[in-house]
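Visitor: File work15.cif below, mmCIF, C-alpha atoms, pLDDT in the B column; chains and numbers go by the auth columns:
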data_target
#
loop_
_atom_site.group_PDB
_atom_site.id
_atom_site.type_symbol
_atom_site.label_atom_id
_atom_site.label_comp_id
_atom_site.label_asym_id
_atom_site.label_seq_id
_atom_site.Cartn_x
_atom_site.Cartn_y
_atom_site.Cartn_z
_atom_site.B_iso_or_equiv
_atom_site.auth_seq_id
_atom_site.auth_asym_id
ATOM 1 C CA MET A 1 124.515 122.819 153.333 76.00 1 P
ATOM 2 C CA GLU A 2 127.794 124.249 154.613 87.00 2 P
ATOM 3 C CA LEU A 3 128.700 121.134 156.593 95.00 3 P
ATOM 4 C CA ALA A 4 127.302 118.531 154.205 94.00 4 P
ATOM 5 C CA ASN A 5 130.641 116.703 154.467 95.00 5 P
ATOM 6 C CA VAL A 6 130.477 116.387 158.275 97.00 6 P
ATOM 7 C CA ARG A 7 129.016 113.481 160.255 98.00 7 P
ATOM 8 C CA VAL A 8 128.474 113.884 163.991 98.00 8 P
ATOM 9 C CA VAL A 9 128.796 110.628 165.926 98.00 9 P
ATOM 10 C CA LEU A 10 127.593 110.457 169.539 98.00 10 P
ATOM 11 C CA VAL A 11 128.826 107.429 171.500 97.00 11 P
ATOM 12 C CA ASN A 12 127.074 105.953 174.558 96.00 12 P
ATOM 13 C CA THR A 13 124.827 108.948 175.194 96.00 13 P
ATOM 14 C CA ARG A 14 122.738 108.744 178.360 95.00 14 P
ATOM 15 C CA PHE A 15 119.951 111.295 177.896 96.00 15 P
ATOM 16 C CA PRO A 16 117.715 111.759 174.832 97.00 16 P
ATOM 17 C CA GLU A 17 117.345 115.434 175.723 97.00 17 P
ATOM 18 C CA ASN A 18 121.067 116.001 175.129 96.00 18 P
ATOM 19 C CA VAL A 19 120.765 114.323 171.753 97.00 19 P
ATOM 20 C CA GLY A 20 117.882 116.664 170.949 97.00 20 P
ATOM 21 C CA MET A 21 120.052 119.692 171.710 97.00 21 P
ATOM 22 C CA ALA A 22 122.878 118.214 169.628 97.00 22 P
ATOM 23 C CA VAL A 23 120.416 117.784 166.746 98.00 23 P
ATOM 24 C CA ARG A 24 119.493 121.468 167.086 97.00 24 P
ATOM 25 C CA ALA A 25 123.188 122.405 166.954 97.00 25 P
ATOM 26 C CA CYS A 26 123.647 120.331 163.793 97.00 26 P
ATOM 27 C CA ALA A 27 120.626 121.956 162.156 96.00 27 P
ATOM 28 C CA ASN A 28 121.875 125.438 163.066 96.00 28 P
ATOM 29 C CA MET A 29 125.299 124.814 161.548 96.00 29 P
ATOM 30 C CA GLY A 30 124.262 122.987 158.367 95.00 30 P
ATOM 31 C CA CYS A 31 125.200 119.437 159.334 97.00 31 P
ATOM 32 C CA ASP A 32 122.630 116.851 158.239 96.00 32 P
ATOM 33 C CA ASP A 33 124.246 113.561 159.314 97.00 33 P
ATOM 34 C CA LEU A 34 124.061 112.358 162.927 98.00 34 P
ATOM 35 C CA ARG A 35 124.691 108.832 164.199 98.00 35 P
ATOM 36 C CA LEU A 36 124.169 107.343 167.665 98.00 36 P
ATOM 37 C CA VAL A 37 126.383 104.469 168.789 98.00 37 P
ATOM 38 C CA THR A 38 124.854 102.265 171.503 96.00 38 P
ATOM 39 C CA PRO A 39 122.911 104.984 173.361 96.00 39 P
ATOM 40 C CA GLU A 40 121.965 104.061 176.932 94.00 40 P
ATOM 41 C CA ARG A 41 118.372 104.910 176.107 92.00 41 P
ATOM 42 C CA TRP A 42 116.978 106.447 172.946 95.00 42 P
ATOM 43 C CA ILE A 43 113.503 107.977 173.128 96.00 43 P
ATOM 44 C CA PRO A 44 112.982 110.321 170.153 96.00 44 P
ATOM 45 C CA GLU A 45 109.867 111.797 171.756 97.00 45 P
ATOM 46 C CA LYS A 46 111.998 113.153 174.630 97.00 46 P
ATOM 47 C CA ALA A 47 114.567 114.537 172.218 97.00 47 P
ATOM 48 C CA ALA A 48 112.038 116.255 169.958 97.00 48 P
ATOM 49 C CA PRO A 49 111.228 119.353 172.085 97.00 49 P
ATOM 50 C CA LEU A 50 114.938 120.183 172.471 96.00 50 P
ATOM 51 C CA ALA A 51 115.590 119.721 168.753 96.00 51 P
ATOM 52 C CA THR A 52 113.163 122.589 167.982 95.00 52 P
ATOM 53 C CA PRO A 53 111.144 122.689 164.736 94.00 53 P
ATOM 54 C CA LYS A 54 114.247 123.260 162.606 93.00 54 P
ATOM 55 C CA GLY A 55 115.808 120.011 163.840 96.00 55 P
ATOM 56 C CA GLN A 56 112.808 117.712 163.402 96.00 56 P
ATOM 57 C CA SER A 57 113.783 116.548 159.930 96.00 57 P
ATOM 58 C CA LEU A 58 117.278 115.558 161.078 97.00 58 P
ATOM 59 C CA LEU A 59 115.887 113.974 164.252 97.00 59 P
ATOM 60 C CA GLN A 60 113.767 111.642 162.127 96.00 60 P
ATOM 61 C CA ARG A 61 116.858 110.616 160.141 96.00 61 P
ATOM 62 C CA VAL A 62 119.164 109.929 163.112 97.00 62 P
ATOM 63 C CA ARG A 63 120.740 106.504 162.614 96.00 63 P
ATOM 64 C CA LEU A 64 121.610 104.030 165.365 97.00 64 P
ATOM 65 C CA GLU A 65 124.822 102.048 164.875 97.00 65 P
ATOM 66 C CA GLU A 66 126.066 98.965 166.700 95.00 66 P
ATOM 67 C CA ASP A 67 129.681 100.143 167.040 96.00 67 P
ATOM 68 C CA LEU A 68 131.902 103.127 166.328 97.00 68 P
ATOM 69 C CA LEU A 69 133.704 101.640 163.339 95.00 69 P
ATOM 70 C CA THR A 70 130.369 101.060 161.597 96.00 70 P
ATOM 71 C CA ALA A 71 129.368 104.654 162.342 97.00 71 P
ATOM 72 C CA LEU A 72 132.634 105.972 160.878 96.00 72 P
ATOM 73 C CA GLY A 73 131.966 103.861 157.790 92.00 73 P
ATOM 74 C CA ASP A 74 132.615 105.763 154.579 94.00 74 P
ATOM 75 C CA THR A 75 134.132 108.877 156.172 96.00 75 P
ATOM 76 C CA HIS A 76 137.723 109.795 155.304 94.00 76 P
ATOM 77 C CA VAL A 77 138.840 111.932 158.267 95.00 77 P
ATOM 78 C CA THR A 78 138.004 110.904 161.845 95.00 78 P
ATOM 79 C CA ILE A 79 138.307 113.236 164.842 96.00 79 P
ATOM 80 C CA ALA A 80 137.726 112.261 168.471 95.00 80 P
ATOM 81 C CA THR A 81 136.880 114.810 171.143 93.00 81 P
ATOM 82 C CA THR A 82 138.251 114.706 174.690 89.00 82 P
ATOM 83 C CA ALA A 83 138.299 116.830 177.829 81.00 83 P
ATOM 84 C CA ARG A 84 141.044 114.673 179.363 71.00 84 P
ATOM 85 C CA THR A 85 144.568 115.530 178.266 65.00 85 P
ATOM 86 C CA GLY A 86 148.063 114.277 179.017 59.00 86 P
ATOM 87 C CA GLY A 87 149.514 110.791 178.792 55.00 87 P
ATOM 88 C CA TRP A 88 149.146 109.358 175.319 52.00 88 P
ATOM 89 C CA ARG A 89 146.460 111.897 174.403 53.00 89 P
ATOM 90 C CA ARG A 90 148.949 114.165 172.672 60.00 90 P
ATOM 91 C CA SER A 91 149.049 116.273 169.511 66.00 91 P
ATOM 92 C CA LEU A 92 145.670 117.713 170.414 87.00 92 P
ATOM 93 C CA MET A 93 143.896 119.960 167.942 91.00 93 P
ATOM 94 C CA THR A 94 141.814 123.015 168.766 93.00 94 P
ATOM 95 C CA PRO A 95 138.295 123.475 167.357 94.00 95 P
ATOM 96 C CA TRP A 96 139.515 126.188 164.956 95.00 96 P
ATOM 97 C CA GLU A 97 142.176 123.818 163.639 96.00 97 P
ATOM 98 C CA VAL A 98 139.445 121.242 163.126 96.00 98 P
ATOM 99 C CA GLY A 99 137.489 123.877 161.222 96.00 99 P
ATOM 100 C CA GLU A 100 140.396 124.411 158.851 95.00 100 P
ATOM 101 C CA LEU A 101 140.733 120.656 158.382 95.00 101 P
ATOM 102 C CA VAL A 102 137.021 120.309 157.615 96.00 102 P
ATOM 103 C CA ALA A 103 137.163 123.159 155.093 95.00 103 P
ATOM 104 C CA LYS A 104 140.109 121.573 153.300 94.00 104 P
ATOM 105 C CA ALA A 105 138.444 118.159 153.379 94.00 105 P
ATOM 106 C CA LYS A 106 135.276 119.588 151.823 94.00 106 P
ATOM 107 C CA ALA A 107 137.294 121.164 149.013 92.00 107 P
ATOM 108 C CA ASP A 108 138.995 117.789 148.428 90.00 108 P
ATOM 109 C CA GLY A 109 135.739 115.837 148.455 91.00 109 P
ATOM 110 C CA ARG A 110 136.389 114.088 151.782 94.00 110 P
ATOM 111 C CA LYS A 111 133.840 113.430 154.531 96.00 111 P
ATOM 112 C CA VAL A 112 134.724 114.098 158.171 97.00 112 P
ATOM 113 C CA ALA A 113 133.428 112.336 161.295 97.00 113 P
ATOM 114 C CA LEU A 114 133.370 114.267 164.582 98.00 114 P
ATOM 115 C CA VAL A 115 133.078 111.815 167.467 98.00 115 P
ATOM 116 C CA PHE A 116 131.767 112.766 170.913 97.00 116 P
ATOM 117 C CA GLY A 117 131.538 110.568 174.002 95.00 117 P
ATOM 118 C CA SER A 118 128.994 110.100 176.766 93.00 118 P
ATOM 119 C CA GLU A 119 127.959 112.905 179.078 91.00 119 P
ATOM 120 C CA ASP A 120 129.707 111.485 182.160 89.00 120 P
ATOM 121 C CA ARG A 121 132.760 109.651 180.823 89.00 121 P
ATOM 122 C CA GLY A 122 133.496 110.961 177.372 90.00 122 P
ATOM 123 C CA LEU A 123 135.153 108.632 174.880 93.00 123 P
ATOM 124 C CA GLU A 124 136.958 105.517 176.041 91.00 124 P
ATOM 125 C CA ASN A 125 140.514 104.843 174.896 89.00 125 P
ATOM 126 C CA HIS A 126 139.420 102.138 172.453 91.00 126 P
ATOM 127 C CA HIS A 127 137.121 104.668 170.769 93.00 127 P
ATOM 128 C CA ILE A 128 139.865 107.269 170.435 91.00 128 P
ATOM 129 C CA GLU A 129 142.240 104.655 169.008 88.00 129 P
ATOM 130 C CA LEU A 130 139.914 104.319 166.004 91.00 130 P
ATOM 131 C CA CYS A 131 140.271 108.023 165.171 92.00 131 P
ATOM 132 C CA GLN A 132 143.051 109.838 163.344 90.00 132 P
ATOM 133 C CA HIS A 133 142.959 113.110 165.277 91.00 133 P
ATOM 134 C CA ILE A 134 142.015 114.291 168.777 92.00 134 P
ATOM 135 C CA VAL A 135 140.481 117.675 169.565 94.00 135 P
ATOM 136 C CA THR A 136 139.924 119.370 172.903 92.00 136 P
ATOM 137 C CA ILE A 137 138.038 122.583 173.611 90.00 137 P
ATOM 138 C CA PRO A 138 140.182 124.936 175.724 86.00 138 P
ATOM 139 C CA THR A 139 138.348 126.239 178.786 82.00 139 P
ATOM 140 C CA SER A 140 139.248 128.544 181.664 76.00 140 P
ATOM 141 C CA GLU A 141 138.577 126.266 184.636 69.00 141 P
ATOM 142 C CA ALA A 142 136.049 123.445 184.393 62.00 142 P
ATOM 143 C CA SER A 143 137.288 121.362 181.470 65.00 143 P
ATOM 144 C CA SER A 144 134.121 119.363 180.894 73.00 144 P
ATOM 145 C CA LEU A 145 131.376 120.872 178.725 84.00 145 P
ATOM 146 C CA ASN A 146 127.788 119.816 178.214 91.00 146 P
ATOM 147 C CA LEU A 147 127.599 117.429 175.249 94.00 147 P
ATOM 148 C CA ALA A 148 125.454 119.738 173.118 94.00 148 P
ATOM 149 C CA GLN A 149 127.705 122.699 173.945 94.00 149 P
ATOM 150 C CA ALA A 150 130.731 120.743 172.733 94.00 150 P
ATOM 151 C CA VAL A 151 128.931 119.786 169.522 97.00 151 P
ATOM 152 C CA LEU A 152 127.815 123.375 168.887 97.00 152 P
ATOM 153 C CA LEU A 153 131.218 124.939 169.547 96.00 153 P
ATOM 154 C CA THR A 154 133.039 122.472 167.315 96.00 154 P
ATOM 155 C CA LEU A 155 130.505 122.735 164.488 97.00 155 P
ATOM 156 C CA TYR A 156 130.543 126.536 164.710 97.00 156 P
ATOM 157 C CA GLU A 157 134.293 126.593 164.050 97.00 157 P
ATOM 158 C CA CYS A 158 133.793 124.202 161.136 97.00 158 P
ATOM 159 C CA HIS A 159 130.924 126.277 159.751 97.00 159 P
ATOM 160 C CA LYS A 160 132.955 129.488 160.025 96.00 160 P
ATOM 161 C CA ALA A 161 136.018 127.958 158.324 96.00 161 P
ATOM 162 C CA VAL A 162 134.014 126.410 155.481 95.00 162 P
ATOM 163 C CA ARG A 163 132.185 129.664 154.729 92.00 163 P
ATOM 164 C CA ALA A 164 135.439 131.619 154.734 92.00 164 P
ATOM 165 C CA SER A 165 137.101 129.048 152.499 87.00 165 P
ATOM 166 C CA GLU A 166 134.265 128.913 149.973 82.00 166 P
ATOM 167 C CA GLN A 167 134.162 132.694 149.677 79.00 167 P
ATOM 168 C CA HIS A 168 137.740 132.605 148.376 69.00 168 P
ATOM 169 C CA LEU A 169 137.418 129.421 146.322 55.00 169 P
ATOM 170 C CA PRO A 170 137.525 129.929 142.529 57.00 170 P
ATOM 171 C CA LYS A 171 134.399 128.733 140.733 55.00 171 P
ATOM 172 C CA GLY A 172 134.662 125.211 139.437 52.00 172 P
ATOM 173 C CA THR A 173 137.206 124.197 142.077 53.00 173 P
ATOM 174 C CA GLY A 174 136.469 120.896 143.796 55.00 174 P
ATOM 175 C CA ALA A 175 137.278 117.222 144.035 53.00 175 P
ATOM 176 C CA GLY A 176 136.946 116.723 140.275 53.00 176 P
ATOM 177 C CA ASN A 177 137.739 113.279 138.903 52.00 177 P
ATOM 178 C CA LYS A 178 140.696 112.555 141.167 72.00 178 P
ATOM 179 C CA GLU A 179 141.128 109.080 142.557 81.00 179 P
ATOM 180 C CA PRO A 180 139.106 108.805 145.803 88.00 180 P
ATOM 181 C CA PHE A 181 140.641 108.951 149.241 89.00 181 P
ATOM 182 C CA ILE A 182 140.425 105.884 151.464 91.00 182 P
ATOM 183 C CA THR A 183 137.567 105.658 153.963 91.00 183 P
ATOM 184 C CA ALA A 184 137.675 105.055 157.717 90.00 184 P
ATOM 185 C CA GLU A 185 136.932 101.369 157.058 90.00 185 P
ATOM 186 C CA ASP A 186 139.873 101.171 154.638 92.00 186 P
ATOM 187 C CA SER A 187 142.061 102.977 157.154 91.00 187 P
ATOM 188 C CA GLU A 188 141.224 100.511 159.916 90.00 188 P
ATOM 189 C CA ARG A 189 141.944 97.542 157.643 92.00 189 P
ATOM 190 C CA LEU A 190 145.298 99.105 156.826 93.00 190 P
ATOM 191 C CA MET A 191 146.096 99.693 160.496 91.00 191 P
ATOM 192 C CA LYS A 192 145.294 96.065 161.367 91.00 192 P
ATOM 193 C CA SER A 193 147.560 94.826 158.564 93.00 193 P
ATOM 194 C CA TRP A 194 150.269 97.345 159.451 92.00 194 P
ATOM 195 C CA GLU A 195 150.106 96.339 163.123 91.00 195 P
ATOM 196 C CA GLU A 196 150.557 92.677 162.193 91.00 196 P
ATOM 197 C CA ALA A 197 153.506 93.560 159.947 91.00 197 P
ATOM 198 C CA LEU A 198 155.236 95.631 162.633 91.00 198 P
ATOM 199 C CA LEU A 199 154.701 92.891 165.209 91.00 199 P
ATOM 200 C CA ARG A 200 156.215 90.309 162.851 90.00 200 P
ATOM 201 C CA LEU A 201 159.219 92.581 162.285 90.00 201 P
ATOM 202 C CA ASP A 202 159.504 93.185 166.062 88.00 202 P
ATOM 203 C CA VAL A 203 159.213 96.943 165.509 87.00 203 P
ATOM 204 C CA ILE A 204 156.402 97.130 168.075 83.00 204 P
ATOM 205 C CA HIS A 205 155.640 94.677 170.843 78.00 205 P
ATOM 206 C CA GLY A 206 152.545 92.786 171.883 75.00 206 P
ATOM 207 C CA ASP A 207 152.135 94.318 175.361 79.00 207 P
ATOM 208 C CA ASN A 208 150.137 97.323 174.143 81.00 208 P
ATOM 209 C CA PRO A 209 150.345 97.510 170.336 83.00 209 P
ATOM 210 C CA ALA A 210 147.540 100.070 170.085 80.00 210 P
ATOM 211 C CA TYR A 211 149.643 102.584 172.057 79.00 211 P
ATOM 212 C CA PHE A 212 152.715 102.124 169.861 83.00 212 P
ATOM 213 C CA LEU A 213 150.544 102.286 166.765 85.00 213 P
ATOM 214 C CA MET A 214 149.252 105.801 167.518 82.00 214 P
ATOM 215 C CA PRO A 215 152.170 107.631 165.789 84.00 215 P
ATOM 216 C CA TRP A 216 151.556 105.508 162.694 87.00 216 P
ATOM 217 C CA ARG A 217 147.846 106.376 162.777 85.00 217 P
ATOM 218 C CA ARG A 218 148.720 110.054 162.840 83.00 218 P
ATOM 219 C CA PHE A 219 151.248 109.580 160.032 88.00 219 P
ATOM 220 C CA PHE A 220 148.721 107.891 157.752 88.00 220 P
ATOM 221 C CA ALA A 221 146.097 110.512 158.681 84.00 221 P
ATOM 222 C CA ARG A 222 148.427 113.304 157.549 84.00 222 P
ATOM 223 C CA ALA A 223 149.193 111.385 154.351 87.00 223 P
ATOM 224 C CA ASN A 224 145.527 111.450 153.183 85.00 224 P
ATOM 225 C CA LEU A 225 146.053 108.207 151.290 90.00 225 P
ATOM 226 C CA ARG A 226 144.310 107.578 147.997 90.00 226 P
ATOM 227 C CA LYS A 227 143.229 104.137 146.849 90.00 227 P
ATOM 228 C CA HIS A 228 146.364 103.224 144.895 91.00 228 P
ATOM 229 C CA GLU A 229 148.594 104.275 147.809 93.00 229 P
ATOM 230 C CA TYR A 230 146.453 102.228 150.182 92.00 230 P
ATOM 231 C CA GLU A 231 146.783 99.190 147.917 93.00 231 P
ATOM 232 C CA ALA A 232 150.566 99.678 147.816 94.00 232 P
ATOM 233 C CA PHE A 233 150.814 99.616 151.618 93.00 233 P
ATOM 234 C CA MET A 234 148.458 96.631 151.856 93.00 234 P
ATOM 235 C CA GLY A 235 150.652 94.841 149.318 94.00 235 P
ATOM 236 C CA LEU A 236 153.719 95.621 151.433 94.00 236 P
ATOM 237 C CA CYS A 237 151.983 94.140 154.479 92.00 237 P
ATOM 238 C CA ARG A 238 151.176 90.969 152.528 92.00 238 P
ATOM 239 C CA GLN A 239 154.813 90.688 151.428 92.00 239 P
ATOM 240 C CA ILE A 240 156.014 91.043 155.018 92.00 240 P
ATOM 241 C CA ARG A 241 153.560 88.393 156.160 89.00 241 P
ATOM 242 C CA THR A 242 154.640 85.993 153.392 90.00 242 P
ATOM 243 C CA ARG A 243 158.364 86.473 153.939 89.00 243 P
ATOM 244 C CA THR A 244 158.208 86.198 157.719 89.00 244 P
ATOM 245 C CA GLN A 245 156.135 83.018 157.412 85.00 245 P
ATOM 246 C CA LYS A 246 158.835 81.503 155.172 67.00 246 P
ATOM 247 C CA LYS A 247 161.516 82.279 157.760 60.00 247 P
ATOM 248 C CA SER A 248 159.526 80.677 160.537 55.00 248 P
#
Please rewrite the model in this file as C-alpha cells.
Guide:
Amino acid sequence: MELANVRVVLVNTRFPENVGMAVRACANMGCDDLRLVTPERWIPEKAAPLATPKGQSLLQRVRLEEDLLTALGDTHVTIATTARTGGWRRSLMTPWEVGELVAKAKADGRKVALVFGSEDRGLENHHIELCQHIVTIPTSEASSLNLAQAVLLTLYECHKAVRASEQHLPKGTGAGNKEPFITAEDSERLMKSWEEALLRLDVIHGDNPAYFLMPWRRFFARANLRKHEYEAFMGLCRQIRTRTQKKS
C-alpha cells in the first residue's frame, strides 16, 4: 500500500459517522493503520455505512488507545494538525510539505503519525506538544474543515508525493540495514530528560517549560536521530543530572 508507513490518529472524536468517513479516506489513499484516542463514543455499527465496503476491513482493525503517546508508539515522525494559527503555533507546514516528508520517511524506513483532533475543538495544546511538526490546511475563508475532509486532503497529498517519489526511486533503494531511527516513545523520553537537564542548567525556566522546549522539539525532529545518537544525548542528560546533583 502506498501509505503503509502512515498511521492516522484521531483524538477525542465525537461522532462515529465521522470516523467512518475517515476510514473511507484511509482506504482510498492506501493507509491501513488508524487509531482512536479516547473517543467520546465509539459505535462501529454507526461508522460502518460511511466507511463503505472498501473500508470495512480497516474499520474492523481500528484500535482504541488510552492516550496520545501510546497511539504514537513506534512511529518516528509525528505531525499534529491545527486550524488555529498564531501564538506559539509557528513553523506550520502545508499538506504538500507533509507529503514530501512522508515520501522521504517511507524511503528511509520511518513510520509517520498524522494526528487530528476532535470535530469541535481540534487538538489541545498538550496534544500538539507531543508532536514534532504542525500542519494546517490553507483555506479561503472558513478555516475549520470537517474531520474526514481534513484526513482526506492530507492523505491525498501524502499519496501523491509517495507515488511520485517511488516512480523515480532506483530499484533496490530503501532503508537497508541502517541503524533504526528513534521512535516517538524514544523521542518523548529524550525530551523529558532534556527538559530536566535544561531546567537544572537554568537554560529554561519552570513557569512554562513545554513552551520553551518547542524549539528543541523541532530541532530534534529535523535531526532524525538514530539509536546511537539518541543514546549519546541521553548520556549527556545523565551527566548533567549527576554533576548538578554534586554541586547542590
Visitor: Would you kindly translate the PyMOL selection byres ((chain P and resi 231) around 12) into the concrete residues it picks from this file, as a PyMOL selection string?
Guide: chain P and resi 181-182+186-187+189-190+193+225-230+232-238
Visitor: Env of Asp67 of chain P: 7 Å cut, atoms = only C-alpha atoms, seq-sep filter 4 positions within chain, self excluded. Answer as number ranges by chain.
Guide: P: 37-38, 71
Visitor: Taking all atoms listed in the file into account, name the residue in P:Met191, P:Met29, P:Val77, P:Met93 that is nearest to Lys54 of chain P.
Guide: P:Met29
Visitor: Measuring atom to atom with all atoms listed in the file, identify which of P:Cys26, P:Thr75, P:Arg241, P:Leu3 is nearest to Leu153 of chain P.
Guide: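 The closest residue to Leu153 of chain P is P:Cys26.
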Visitor: Let me know the residues the PyMOL selection byres ((chain P and resi 60) around 12) catches in the file above, as a PDB file with C-alpha atoms, in the frame of the given file.
Guide:
ATOM      1  CA  GLY P  20     117.882 116.664 170.949  1.00 97.00           C
ATOM      2  CA  VAL P  23     120.416 117.784 166.746  1.00 98.00           C
ATOM      3  CA  ASP P  32     122.630 116.851 158.239  1.00 96.00           C
ATOM      4  CA  ASP P  33     124.246 113.561 159.314  1.00 97.00           C
ATOM      5  CA  LEU P  34     124.061 112.358 162.927  1.00 98.00           C
ATOM      6  CA  ARG P  35     124.691 108.832 164.199  1.00 98.00           C
ATOM      7  CA  ILE P  43     113.503 107.977 173.128  1.00 96.00           C
ATOM      8  CA  PRO P  44     112.982 110.321 170.153  1.00 96.00           C
ATOM      9  CA  GLU P  45     109.867 111.797 171.756  1.00 97.00           C
ATOM     10  CA  ALA P  47     114.567 114.537 172.218  1.00 97.00           C
ATOM     11  CA  ALA P  48     112.038 116.255 169.958  1.00 97.00           C
ATOM     12  CA  ALA P  51     115.590 119.721 168.753  1.00 96.00           C
ATOM     13  CA  PRO P  53     111.144 122.689 164.736  1.00 94.00           C
ATOM     14  CA  LYS P  54     114.247 123.260 162.606  1.00 93.00           C
ATOM     15  CA  GLY P  55     115.808 120.011 163.840  1.00 96.00           C
ATOM     16  CA  GLN P  56     112.808 117.712 163.402  1.00 96.00           C
ATOM     17  CA  SER P  57     113.783 116.548 159.930  1.00 96.00           C
ATOM     18  CA  LEU P  58     117.278 115.558 161.078  1.00 97.00           C
ATOM     19  CA  LEU P  59     115.887 113.974 164.252  1.00 97.00           C
ATOM     20  CA  ARG P  61     116.858 110.616 160.141  1.00 96.00           C
ATOM     21  CA  VAL P  62     119.164 109.929 163.112  1.00 97.00           C
ATOM     22  CA  ARG P  63     120.740 106.504 162.614  1.00 96.00           C
ATOM     23  CA  LEU P  64     121.610 104.030 165.365  1.00 97.00           C
TER      24      LEU P  64
END
Visitor: For the contact check between segment 134-211 of chain P and segment 115-130 of chain P, emit one row per residue of segment 134-211 of chain P within 8 Å, containing the shortest atom pair and the distance in Å rounded to one decimal, counting all atoms listed in the file, chain then rising number order, as a tab-separated table.
Guide:
residue	atom	partner	partner_atom	distance
P:Ile134	CA	P:Ile128	CA	7.5
P:Asn146	CA	P:Glu119	CA	7.0
P:Leu147	CA	P:Glu119	CA	5.9
P:Val151	CA	P:Phe116	CA	7.7
P:Glu188	CA	P:Leu130	CA	7.3
P:Ala210	CA	P:Glu129	CA	7.1
Visitor: Once you have the residues from the selection above, write them out as an mmCIF file, keeping the file's coordinate frame, restricted to C-alpha atoms.
Guide:
data_model
loop_
_atom_site.group_PDB
_atom_site.id
_atom_site.type_symbol
_atom_site.label_atom_id
_atom_site.label_comp_id
_atom_site.auth_asym_id
_atom_site.auth_seq_id
_atom_site.Cartn_x
_atom_site.Cartn_y
_atom_site.Cartn_z
ATOM 1 C CA ILE P 134 142.015 114.291 168.777
ATOM 2 C CA ASN P 146 127.788 119.816 178.214
ATOM 3 C CA LEU P 147 127.599 117.429 175.249
ATOM 4 C CA VAL P 151 128.931 119.786 169.522
ATOM 5 C CA GLU P 188 141.224 100.511 159.916
ATOM 6 C CA ALA P 210 147.540 100.070 170.085
#
Visitor: If you take every atom of segment 210-213 of chain P that the file lists and fit an axis-aligned box around them with 3 Å extra on each side, what centre and edge lengths come out in Å to one decimal, as AutoDock Vina command-line options?
Guide:
--center_x 150.1 --center_y 101.3 --center_z 169.4 --size_x 11.2 --size_y 8.5 --size_z 11.3
Visitor: Tell me which of P:Pro95, P:Gly109, P:Pro49, P:Pro180 sits closest to Lys160 of chain P, counting all atoms listed in the file.
Guide: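 Nearest candidate to Lys160 of chain P out of P:Pro95, P:Gly109, P:Pro49, P:Pro180: P:Pro95.
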